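Student: For reference, the structure I am asking about is given below.
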Amino acid sequence: MDRLWYGGDYNPEQWPSEVGEEDVHLMQRAGVTVATVGVFSWAKLEPADGRFEFGWLDDVLDRLHAGGIRVDLATATASPPPWLVLAHPDVLPVTEDGVRLSVGSRQHYSPSSATYRRYAGRLVRAIADRYGSHPAVEAWHVNNELGCHVHRDYSDESAAAFRRWLEARYGSVDALNEAWGTAFWAQAYGSFEEVMPPRTAPTFRNPTQLLDFDRFSSDAWLEVYRAEARILREVTPGVPITTNFMGFFKPIDYWSHAAEVDFVSDDHYVDPADPAAPVFAAMTRDLMRSLGGGRPWILMEQSTSAVNWRRRNAAKPPGMHRALSLQAVARGADGVMQFQWRQSAAGAEKFHSAMLPHVGEDSRVFRETVALGEELASLADLVGTRLSARVAILFDWDSWWALEQPATPAELSYVAIVLRWYTELWRRHLLVDFAKPDADLSAYAVVVAPATQVLSTAAQENLAGFVAGGGRLVAGYQTGVLDDRLHVLLGGYLGALRETFGIRIEEFAPPAEPSLSGGPVPALAIHGLGGGTAREWGEIVRIDDAEVLATFAGGMLDGLPAITRRRSGGGSAWYVATAPDDLASVVDAVLDGAEVEPALPHPVDGVEAVRRGNRLFLLNHTDQEIQAAGHRLPSRGAVVSPGD
Amino acid sequence: MDRLWYGGDYNPEQWPSEVGEEDVHLMQRAGVTVATVGVFSWAKLEPADGRFEFGWLDDVLDRLHAGGIRVDLATATASPPPWLVLAHPDVLPVTEDGVRLSVGSRQHYSPSSATYRRYAGRLVRAIADRYGSHPAVEAWHVNNELGCHVHRDYSDESAAAFRRWLEARYGSVDALNEAWGTAFWAQAYGSFEEVMPPRTAPTFRNPTQLLDFDRFSSDAWLEVYRAEARILREVTPGVPITTNFMGFFKPIDYWSHAAEVDFVSDDHYVDPADPAAPVFAAMTRDLMRSLGGGRPWILMEQSTSAVNWRRRNAAKPPGMHRALSLQAVARGADGVMQFQWRQSAAGAEKFHSAMLPHVGEDSRVFRETVALGEELASLADLVGTRLSARVAILFDWDSWWALEQPATPAELSYVAIVLRWYTELWRRHLLVDFAKPDADLSAYAVVVAPATQVLSTAAQENLAGFVAGGGRLVAGYQTGVLDDRLHVLLGGYLGALRETFGIRIEEFAPPAEPSLSGGPVPALAIHGLGGGTAREWGEIVRIDDAEVLATFAGGMLDGLPAITRRRSGGGSAWYVATAPDDLASVVDAVLDGAEVEPALPHPVDGVEAVRRGNRLFLLNHTDQEIQAAGHRLPSRGAVVSPGD
Amino acid sequence: MDRLWYGGDYNPEQWPSEVGEEDVHLMQRAGVTVATVGVFSWAKLEPADGRFEFGWLDDVLDRLHAGGIRVDLATATASPPPWLVLAHPDVLPVTEDGVRLSVGSRQHYSPSSATYRRYAGRLVRAIADRYGSHPAVEAWHVNNELGCHVHRDYSDESAAAFRRWLEARYGSVDALNEAWGTAFWAQAYGSFEEVMPPRTAPTFRNPTQLLDFDRFSSDAWLEVYRAEARILREVTPGVPITTNFMGFFKPIDYWSHAAEVDFVSDDHYVDPADPAAPVFAAMTRDLMRSLGGGRPWILMEQSTSAVNWRRRNAAKPPGMHRALSLQAVARGADGVMQFQWRQSAAGAEKFHSAMLPHVGEDSRVFRETVALGEELASLADLVGTRLSARVAILFDWDSWWALEQPATPAELSYVAIVLRWYTELWRRHLLVDFAKPDADLSAYAVVVAPATQVLSTAAQENLAGFVAGGGRLVAGYQTGVLDDRLHVLLGGYLGALRETFGIRIEEFAPPAEPSLSGGPVPALAIHGLGGGTAREWGEIVRIDDAEVLATFAGGMLDGLPAITRRRSGGGSAWYVATAPDDLASVVDAVLDGAEVEPALPHPVDGVEAVRRGNRLFLLNHTDQEIQAAGHRLPSRGAVVSPGD
């Protein structure tokens, strides 16, 4: 398409038919180019087993087409109708406690359910047959937010699928026993039939069982996607396919899902009351671009103002929605879509804002909707342009799953740790790619590995090679502790990277939890680079062949290394054994002399700068007017100018 | 009866028979006039299926009668005996997770259980037959605290009853689909058989399904009452019937229950450590009087000192029990009863205080018991007198259920919001009635509608008519957002009242939650009436035809209306779009010139004044001596004087 | 054995066989004398139903024996293998909500399972037959941490066992009804068949049902022990038997379990970040010595540094592990063992520290392991020596279970209350025994009864006799409230002790919870002994014949007694009705003139002194150097010197 996508989820089935005509006129006024149709239409399209009713949808597509609005057409499989569940309760997912979930909300099906797959497949084929060549159809929208509510299913049917998955992975039960370390706690299995999903048990479940169930579950959701995509590719080979992701969503390894979509799309809902929202949004945009290998992606859902599922749902202040929409385009999106076009009058999402609010056209929100449509139309020349980054952060679902398991050195938040590093790079106007630990890193000058707890042998060698090739590698604590079976890298952790960093980790020594001290959060003292205080982490580092850039002071870590560096050739390997409050100085030191090109030379508080194509995007996320790069940026304002 | 009720639950079956004689003598010493008997006696009255043993109860009633003590006789159905449950496990209630609750506590039955109803009915008939004409019997006490622990039952039997209830309400499944908005999330039902109670589901359940299940469940408990009352009215048409309510109890819509009892009775347990306890108690007394349409009611249960179910159970300081008992009488009660007469030596309530404590007669508590009995005897001339109020607060269970659903603009507490308004009126010694939104309001000068989120068309018209007729209507935020199917009142909320208030609500904009700010609770600033700070709420109000009495200052609401008023004829409609800390000034403005008559002209901190009949009740709820209205009020003391 | 036990859990089955040789050499270097073998080896010893494979274990024992290391041989029954569970799911335990727990962690069996007992018994017999006369075997280690994760099982099989247990206890259902007070809430049972375990119910379950289920469950775990011990005693009558306890572990009444082991052993894991850890450890050591009737015991498990199951797992600072190990020896342990010898590379406990850490021999932890081995070797002459105390604290599982039930006067922590008294005695270097309320107390000068809520008639008489015989008895609040059926001791609580103390308790009056006040924790004021402030408790005490040593000031307790004493003969009975912040003064007064002998004459902050045999142990638990008793104690250091 030669325009940016702009529009939203469109659910005309919730409204009287006369509203449909008005919708198209208002969409045209708002500059809408694409509408997502049919996401939750299964019950209307197939009101009884095998009885399909497409007439109403024919009308919707014809009307949109006549109005010049293209359609992102959903496969309508996101929520099975009540009749299906009543006839086939085996479709329903089961919790780890054995509770079979009920109909009445949405996504009430197990990804492993053969019955679900059979019914969904029949529906997808019927839709593809009927609409595959409809002139309005721009893309297929498979299902919706796969796994959003049903992260994992513990039913007997999933248990059987898990066993097949394990058999395919390990070949023999002996190999599984070795990988899972079942010699511990007498867990050795005599056959795959004995293996269970990690249902509620008396105490900590086997860590590798948990990890494999995470991997299996992510794959099970991928199978739901594949089963639909297979039909669509067969019937309409020319229509591109996506399914909407949910940003940093723990249950699903999007590296594997992204490999199978024609373009990445993402749903992202900021909390307007959260001061960190713009940075976290930027980080998510960079992840989406990276998942697609640098190709443009679509911001498939966002809200124009408040959502409806937080404890208190703040409205977006004027300008915020525009700034965050432009941010997405700046960071590689070829369109921004909203949930949803017209705010619902009933149902569980009626209090979720929309492009056209309850109050109607005469409203702040609709005026902003129209203005954004105009602005996006003026950026159509950016469609298809790509960005390139010189800095990468490793991001790895195995590490996420492992780090946040129970029975680990501490309860840590993987994404919070990644965000701290990202924030420092964002402040410096540096574009960041995310990469898998075993990805080709040759395009990057600097790679950061925050709490990348799991490193396969291949990943260890990949990172060692990156340094050997002249790269700068920065590892944060809890990196390289385990291999991809969650077995400890014995002898000082880090595996093959022990030589690269020139250190061994002897012991972890986090400071006490805040709750125990009764007072302020206990802090470690740091001397040297990043000096001052540090929180959350400390460890005993032994130097084999590295410089010590900072040391701990006081307590049992007194005088021991806190930050180390080993140079070799043009490359260097930095190890940061703590969480210094002054991470900025550490990042300055890492970047010093590196071949990276920020979009602006200096940080300006609250201002984000990104270059895409021939444009410089300057975004002011504060509620104060700011001067930056020769532009006056109004509060929550943005300037898009030709880049210099 | 020509005396006030005074006494308590009496459970002689827990004690050796010789204690029974002593009980009557001590009751006489304490001025006891009524004892509630048999609440938990099913297992003793029917120790095996169909074998009734009434001898012991004959003795109890005869002995009380001989002692001049009247009997509030329970139907004994509150807790089915173990033998019944073992033979009929279908009686047991089921949680939303599918857990079938066990015997071993109390109230372990589903209100929809046909088996329970059959057994309970047989027992009630047997009791009515035997005791209906016993001279001691003053009233029937149906069951006990209906729904107290089993708020909702999700069993298959309840599911079937829910479907019948829905069929009666909607007639057709199409009407249900329309009301529930099932076009959203593909929830359309093909038949009533597909509908389920809102059991645990992957995410938010349908809001109208939730509301209807709340309504159904309240009705299911009403059916339990009705089934017993039907038998009692048939056998003993002359004996009045009650069942004890539990104040502001969310699971049951007491407007519907109150319509079917001969007199309202209530159980109320203050937390002596809670400084707001006296105001909340007063508010509850006013609700009870209002539920009964102004008729006298009975305070059926309270504790003389500590209860046993809080984390820490504070004792009532000397005087508190007297003051709160007199408060009930002042606010329309024709009696105050206690749980219980003699403190249990065993069982789950042994640590709950009683009129006669563990330590015996020589105790502070028993001395206060005796003194209160004497004082109540001196107030016997108040029996039957009624009070009238000129101010009403709307109270509506639909709004309560809707406002506190998930997936709403914010987590709000309906009763906390009501209490803020009530407190201001209480401080001014104004008697308050509670009223349903569609009730006849012609008796009132002022009506307050705090967070009355649900307004049917009839209710909207009723309130518009109240203003048109010269009344003052004050609406707080989140009033009139939804109709009684929980469909949004589109076009600016408020429905037919949009004209009455002369405003539209464009968007909700609550301030951030405290937790996000990390510091003190974020506050909005207000200029004008009620100026200062405000918490919890803000919204974008658009003026069509109204005065602006206060505006927001700062942030995205800067300069927008916070409080508005529209006058028409003699009436006025006030809208308060926030929760000002200085609500007092707002209430002063509302009352200014209104035809209301406080019991005392000026607020006195901690002092409550109420007039009933020819008495002025002055209650000092503080631990300091206070002079008020020419009386010296000792700490936690009360003076009941002839009114002037 | 003529050496102290020193070593740890040894799980060679988790490692390649070549590691085994290295293990023995390193153990010898570390001074290891005993290894615990086979705790979780069931799946390896019996990989399929009835197929036993002992060869690998033969090798392990032979190799250890050749290395001079003795073996604490486990019965390997702690975790049933997956094949057993798949074939017999009835083995799995069930929660109070009816969830059947799954395989995949450990201890997934019901203690009442006949199937489990049959399989476990066959395994134990096979192990006893094969290794009973192996020269390496020092002791039998039955099962492991009985009840650690499965505190109670609510399955139908446990329900049946509970009924048999009740029948044995009560004889008739009438007696059960009387004991449980089932006249309350219509709970009377017609037969034992109607009785259920306390599964999830609508509200508070019967207190005596709860208590009896606690007693039954503790006994059920004892039956698991007995079933194994019976076989071991039959096959190997000469080998001593233990099972490892878990300190102050609420689910199991260790008085009953300790009576059946040949020596007590205990697992104790301090939180290095908790400042109270050393005192709590000392208290636990004293409990273990007391459980064994003063006989030496074994510290069977501790960690050398961090554990893996807290939210943040702090490392032990240098010296701490040594100090706490010596503390155990000082307080009667004949050995200190660790979990585990070699830190696991996989499984749920891989992040739990060990004697030989992941990093290997060249580490702080292994160097401390070696040094501790040397020091313990020098203390071998202490083996078998016993200690004697002159002060006892009552400790009673019935009181623990009762005090922490729901529906009590307040949520209190039994162990926290005990710890407050213990801390005062520990500071004064006084050795403390723990004793059951009905134990022979004649050896003691002073006995403290903190919150001993449950006192049988025998216990009441025992304590009265202790005072009559010249002892000093100090009772804290909530002592003697209930008899052993949880029936209230009517007439002022305390039962037969009312005369001993010369008081009655009229009412409990705890101050408000902190949460209600919104500000600092509310405090009571005390005048007299222990004057100042007090928290958590207050009550109305009436004097019959006692001195008042302190009174409450302010509030409803103003002027009432807070601490009383009644002297009779040489004895005295003190009652402390509150929790004074200055408990120290109270304890000073109690001890004044008592015949007790502290190990050092004066408290020194953070220093613990204990005498055992001819040694004085001086332990500095602070991170500062301290001079005490003529010794320089380095930070976290210890001196063991010949006693004077």
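Chain labels run A, B, ... following the order of the structure tokens; each chain numbers its residues from 1, and ligands are numbered from 1 in the order shown.
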Show me, as a Markdown table, the residues of chain C having an atom within 8 Å of chain A, each with the closest atom pair and its distance in Å, using only C-alpha atoms.

Tutor:
```
| residue | atom | partner | partner_atom | distance |
| --- | --- | --- | --- | --- |
| C:Glu13 | CA | A:Ala183 | CA | 6.2 |
| C:Gln14 | CA | A:Ala183 | CA | 5.3 |
| C:Phe40 | CA | A:Trp185 | CA | 4.9 |
| C:Ser41 | CA | A:Ala186 | CA | 5.6 |
| C:Trp42 | CA | A:Ala186 | CA | 5.9 |
| C:Ala43 | CA | A:Ala186 | CA | 4.9 |
| C:Lys44 | CA | A:Ala186 | CA | 7.0 |
| C:Pro47 | CA | A:Gly190 | CA | 7.0 |
| C:Ala48 | CA | A:Gly190 | CA | 7.3 |
| C:Ser79 | CA | A:Ala186 | CA | 6.1 |
| C:Pro80 | CA | A:Ala186 | CA | 7.1 |
| C:Pro81 | CA | A:Ala186 | CA | 5.9 |
| C:Pro82 | CA | A:Glu194 | CA | 6.0 |
| C:Trp83 | CA | A:Glu194 | CA | 6.3 |
| C:Leu86 | CA | A:Glu194 | CA | 6.1 |
| C:Val99 | CA | A:Asp97 | CA | 6.2 |
| C:Leu101 | CA | A:Ala201 | CA | 4.8 |
| C:Ser102 | CA | A:Ala201 | CA | 4.7 |
| C:Val103 | CA | A:Ala201 | CA | 6.3 |
| C:Gly104 | CA | A:Arg205 | CA | 5.3 |
| C:Ser105 | CA | A:Arg205 | CA | 4.4 |
| C:Arg106 | CA | A:Trp185 | CA | 6.1 |
| C:Gln107 | CA | A:Pro202 | CA | 6.7 |
| C:His108 | CA | A:Pro202 | CA | 6.1 |
| C:His149 | CA | A:Pro202 | CA | 5.5 |
| C:Val150 | CA | A:Pro202 | CA | 6.2 |
| C:Ala273 | CA | A:Ala512 | CA | 5.5 |
| C:Asp274 | CA | A:Leu516 | CA | 6.7 |
| C:Val307 | CA | A:Pro409 | CA | 7.9 |
| C:Asn308 | CA | A:Ala407 | CA | 5.0 |
| C:Trp309 | CA | A:Ala407 | CA | 4.9 |
| C:Arg310 | CA | A:Ala410 | CA | 7.2 |
| C:Arg311 | CA | A:Glu411 | CA | 5.3 |
| C:Arg312 | CA | A:Ala410 | CA | 4.2 |
| C:Asn313 | CA | A:Pro409 | CA | 5.6 |
| C:Ala314 | CA | A:Ala509 | CA | 5.5 |
| C:Ala315 | CA | A:Ala509 | CA | 5.0 |
| C:Pro317 | CA | A:Met556 | CA | 5.6 |
| C:Pro318 | CA | A:Met556 | CA | 7.1 |
| C:Ala345 | CA | A:Val488 | CA | 4.8 |
| C:Ala346 | CA | A:His487 | CA | 4.8 |
| C:Gly347 | CA | A:Gly181 | CA | 5.7 |
| C:Ala348 | CA | A:Asn206 | CA | 5.7 |
| C:Glu349 | CA | A:Ala407 | CA | 6.9 |
| C:Lys350 | CA | A:Val488 | CA | 7.6 |
| C:Phe351 | CA | A:Thr408 | CA | 6.0 |
| C:His358 | CA | A:Leu490 | CA | 5.3 |
| C:Val359 | CA | A:Gly491 | CA | 4.0 |
| C:Gly360 | CA | A:Gly491 | CA | 5.9 |
| C:Ser363 | CA | A:Glu506 | CA | 6.8 |
```

Student: As a PyMOL selection string, list the residues of stretch 81-161 of chain A assigned to strand (DSSP E) by DSSP on the backbone atoms of this structure.

Tutor: chain A and resi 137-141

Student: Show me, as a PyMOL selection string, the residues that have an atom within 6 Å of stretch 258-266 of chain B when counting only C-alpha atoms, minus same-chain residues fewer than 6 positions from it.

Tutor: chain B and resi 240-242+244-246+291-292+297-300

Student: Go ahead and write the residues just picked, all heavy atoms, as a short mmCIF file (atom, residue, chain, number, x, y, z; two decimals), in the first residue's frame.

Tutor:
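Contents of selection-v4.cif, freshly written:
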```
data_model
loop_
_atom_site.label_atom_id
_atom_site.label_comp_id
_atom_site.auth_asym_id
_atom_site.auth_seq_id
_atom_site.Cartn_x
_atom_site.Cartn_y
_atom_site.Cartn_z
N PRO B 240 -46.02 -12.04 62.92
CA PRO B 240 -45.18 -11.30 61.98
C PRO B 240 -43.86 -12.02 61.70
O PRO B 240 -43.36 -12.76 62.54
CB PRO B 240 -44.94 -9.97 62.69
CG PRO B 240 -45.17 -10.24 64.14
CD PRO B 240 -46.18 -11.35 64.21
N ILE B 241 -43.34 -11.75 60.49
CA ILE B 241 -42.15 -12.47 60.02
C ILE B 241 -41.04 -11.48 59.70
O ILE B 241 -41.28 -10.43 59.09
CB ILE B 241 -42.48 -13.26 58.74
CG1 ILE B 241 -43.66 -14.21 58.99
CG2 ILE B 241 -41.27 -14.02 58.23
CD1 ILE B 241 -44.12 -14.96 57.75
N THR B 242 -39.82 -11.85 60.09
CA THR B 242 -38.65 -11.08 59.66
C THR B 242 -37.54 -12.05 59.27
O THR B 242 -37.67 -13.26 59.46
CB THR B 242 -38.17 -10.12 60.77
OG1 THR B 242 -37.26 -9.17 60.18
CG2 THR B 242 -37.45 -10.87 61.89
N ASN B 244 -33.09 -11.53 59.35
CA ASN B 244 -32.12 -10.50 59.72
C ASN B 244 -31.19 -10.12 58.57
O ASN B 244 -30.52 -10.97 58.00
CB ASN B 244 -31.32 -10.89 60.97
CG ASN B 244 -30.84 -12.33 60.96
OD1 ASN B 244 -31.34 -13.17 60.21
ND2 ASN B 244 -29.84 -12.62 61.75
N PHE B 245 -31.20 -8.82 58.24
CA PHE B 245 -30.32 -8.27 57.20
C PHE B 245 -28.92 -8.03 57.78
O PHE B 245 -28.69 -8.22 58.97
CB PHE B 245 -30.89 -6.95 56.68
CG PHE B 245 -32.19 -7.08 55.94
CD1 PHE B 245 -32.95 -5.94 55.65
CD2 PHE B 245 -32.67 -8.32 55.52
CE1 PHE B 245 -34.15 -6.04 54.97
CE2 PHE B 245 -33.88 -8.42 54.83
CZ PHE B 245 -34.62 -7.27 54.56
N MET B 246 -28.01 -7.59 56.89
CA MET B 246 -26.63 -7.33 57.34
C MET B 246 -26.14 -5.97 56.86
O MET B 246 -25.02 -5.83 56.40
CB MET B 246 -25.71 -8.44 56.84
CG MET B 246 -25.91 -9.76 57.58
SD MET B 246 -25.25 -11.16 56.64
CE MET B 246 -26.48 -11.30 55.35
N LEU B 291 -35.52 1.12 54.30
CA LEU B 291 -35.92 -0.14 53.66
C LEU B 291 -37.33 -0.52 54.06
O LEU B 291 -38.10 -1.05 53.26
CB LEU B 291 -34.96 -1.27 54.05
CG LEU B 291 -33.57 -1.23 53.42
CD1 LEU B 291 -32.68 -2.31 54.05
CD2 LEU B 291 -33.64 -1.44 51.91
N GLY B 292 -37.66 -0.24 55.33
CA GLY B 292 -38.99 -0.58 55.83
C GLY B 292 -40.01 0.51 55.53
O GLY B 292 -41.10 0.50 56.11
N TRP B 297 -38.00 -0.70 63.08
CA TRP B 297 -37.26 -1.91 62.75
C TRP B 297 -36.56 -2.40 64.01
O TRP B 297 -36.62 -1.74 65.05
CB TRP B 297 -36.25 -1.60 61.63
CG TRP B 297 -35.33 -0.46 61.98
CD1 TRP B 297 -35.62 0.87 61.98
CD2 TRP B 297 -33.99 -0.57 62.44
NE1 TRP B 297 -34.55 1.61 62.40
CE2 TRP B 297 -33.52 0.76 62.69
CE3 TRP B 297 -33.13 -1.63 62.66
CZ2 TRP B 297 -32.24 1.02 63.16
CZ3 TRP B 297 -31.84 -1.37 63.12
CH2 TRP B 297 -31.41 -0.06 63.37
N ILE B 298 -35.94 -3.54 63.91
CA ILE B 298 -35.25 -4.12 65.07
C ILE B 298 -33.76 -4.26 64.76
O ILE B 298 -33.39 -4.78 63.71
CB ILE B 298 -35.83 -5.52 65.41
CG1 ILE B 298 -37.32 -5.42 65.78
CG2 ILE B 298 -35.03 -6.19 66.53
CD1 ILE B 298 -37.61 -4.69 67.06
N LEU B 299 -32.93 -3.76 65.67
CA LEU B 299 -31.50 -4.07 65.58
C LEU B 299 -31.34 -5.49 66.15
O LEU B 299 -31.40 -5.69 67.36
CB LEU B 299 -30.68 -3.05 66.37
CG LEU B 299 -29.17 -3.30 66.41
CD1 LEU B 299 -28.59 -3.46 65.02
CD2 LEU B 299 -28.47 -2.15 67.14
N MET B 300 -31.23 -6.47 65.28
CA MET B 300 -31.39 -7.87 65.69
C MET B 300 -30.12 -8.47 66.29
O MET B 300 -30.18 -9.40 67.09
CB MET B 300 -31.84 -8.69 64.49
CG MET B 300 -32.23 -10.12 64.80
SD MET B 300 -33.62 -10.20 65.96
CE MET B 300 -35.01 -10.27 64.83
#
```

Student: When DSSP is applied to the backbone of this structure, which of stretch 151-366 of chain C are assigned helix (DSSP H, G or I)? Write them out as a ChimeraX atom specification.

Tutor: /C:156-170,173-180,184-186,192-194,207-235,254-258,277-291,320-330,364-366

Student: Excluding stretch 571-583 of chain C and residues on its chain fewer than 4 positions from it, collect all residues at most 8 Å away from it, counting only C-alpha atoms, and give them as a VMD selection string.

Tutor: chain C and resid 421 424 466 to 477 500 to 501 526 530 to 539 541 561 to 567 587

Student: Would you kindly return, as a PyMOL selection string, each protein, DNA or RNA residue with an atom no farther than 8 Å from any atom of stretch 451-459 of chain B, considering only C-alpha atoms and excluding same-chain residues fewer than 4 positions away?

Tutor: chain B and resi 394-396+398-400+402-403+414+417-418+437-438+463+475-484+486+495-496

Student: Enter the distance from atom CA of B:Asp212 to atom CA of B:Asp174, in Å, rounded to one decimal.

Tutor: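 Going from atom CA of B:Asp212 over to atom CA of B:Asp174 covers 15.7 Å.
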
Student: Find the spatial neighbours of B:Arg122, counting only C-alpha atoms, within a cut-off of 12 Å - ignore same-chain residues fewer than 4 positions away - and output them as a PyMOL selection string.

Tutor: chain B and resi 42+45-46+49-52+75-77+115-118+126-129+227-228+231-232
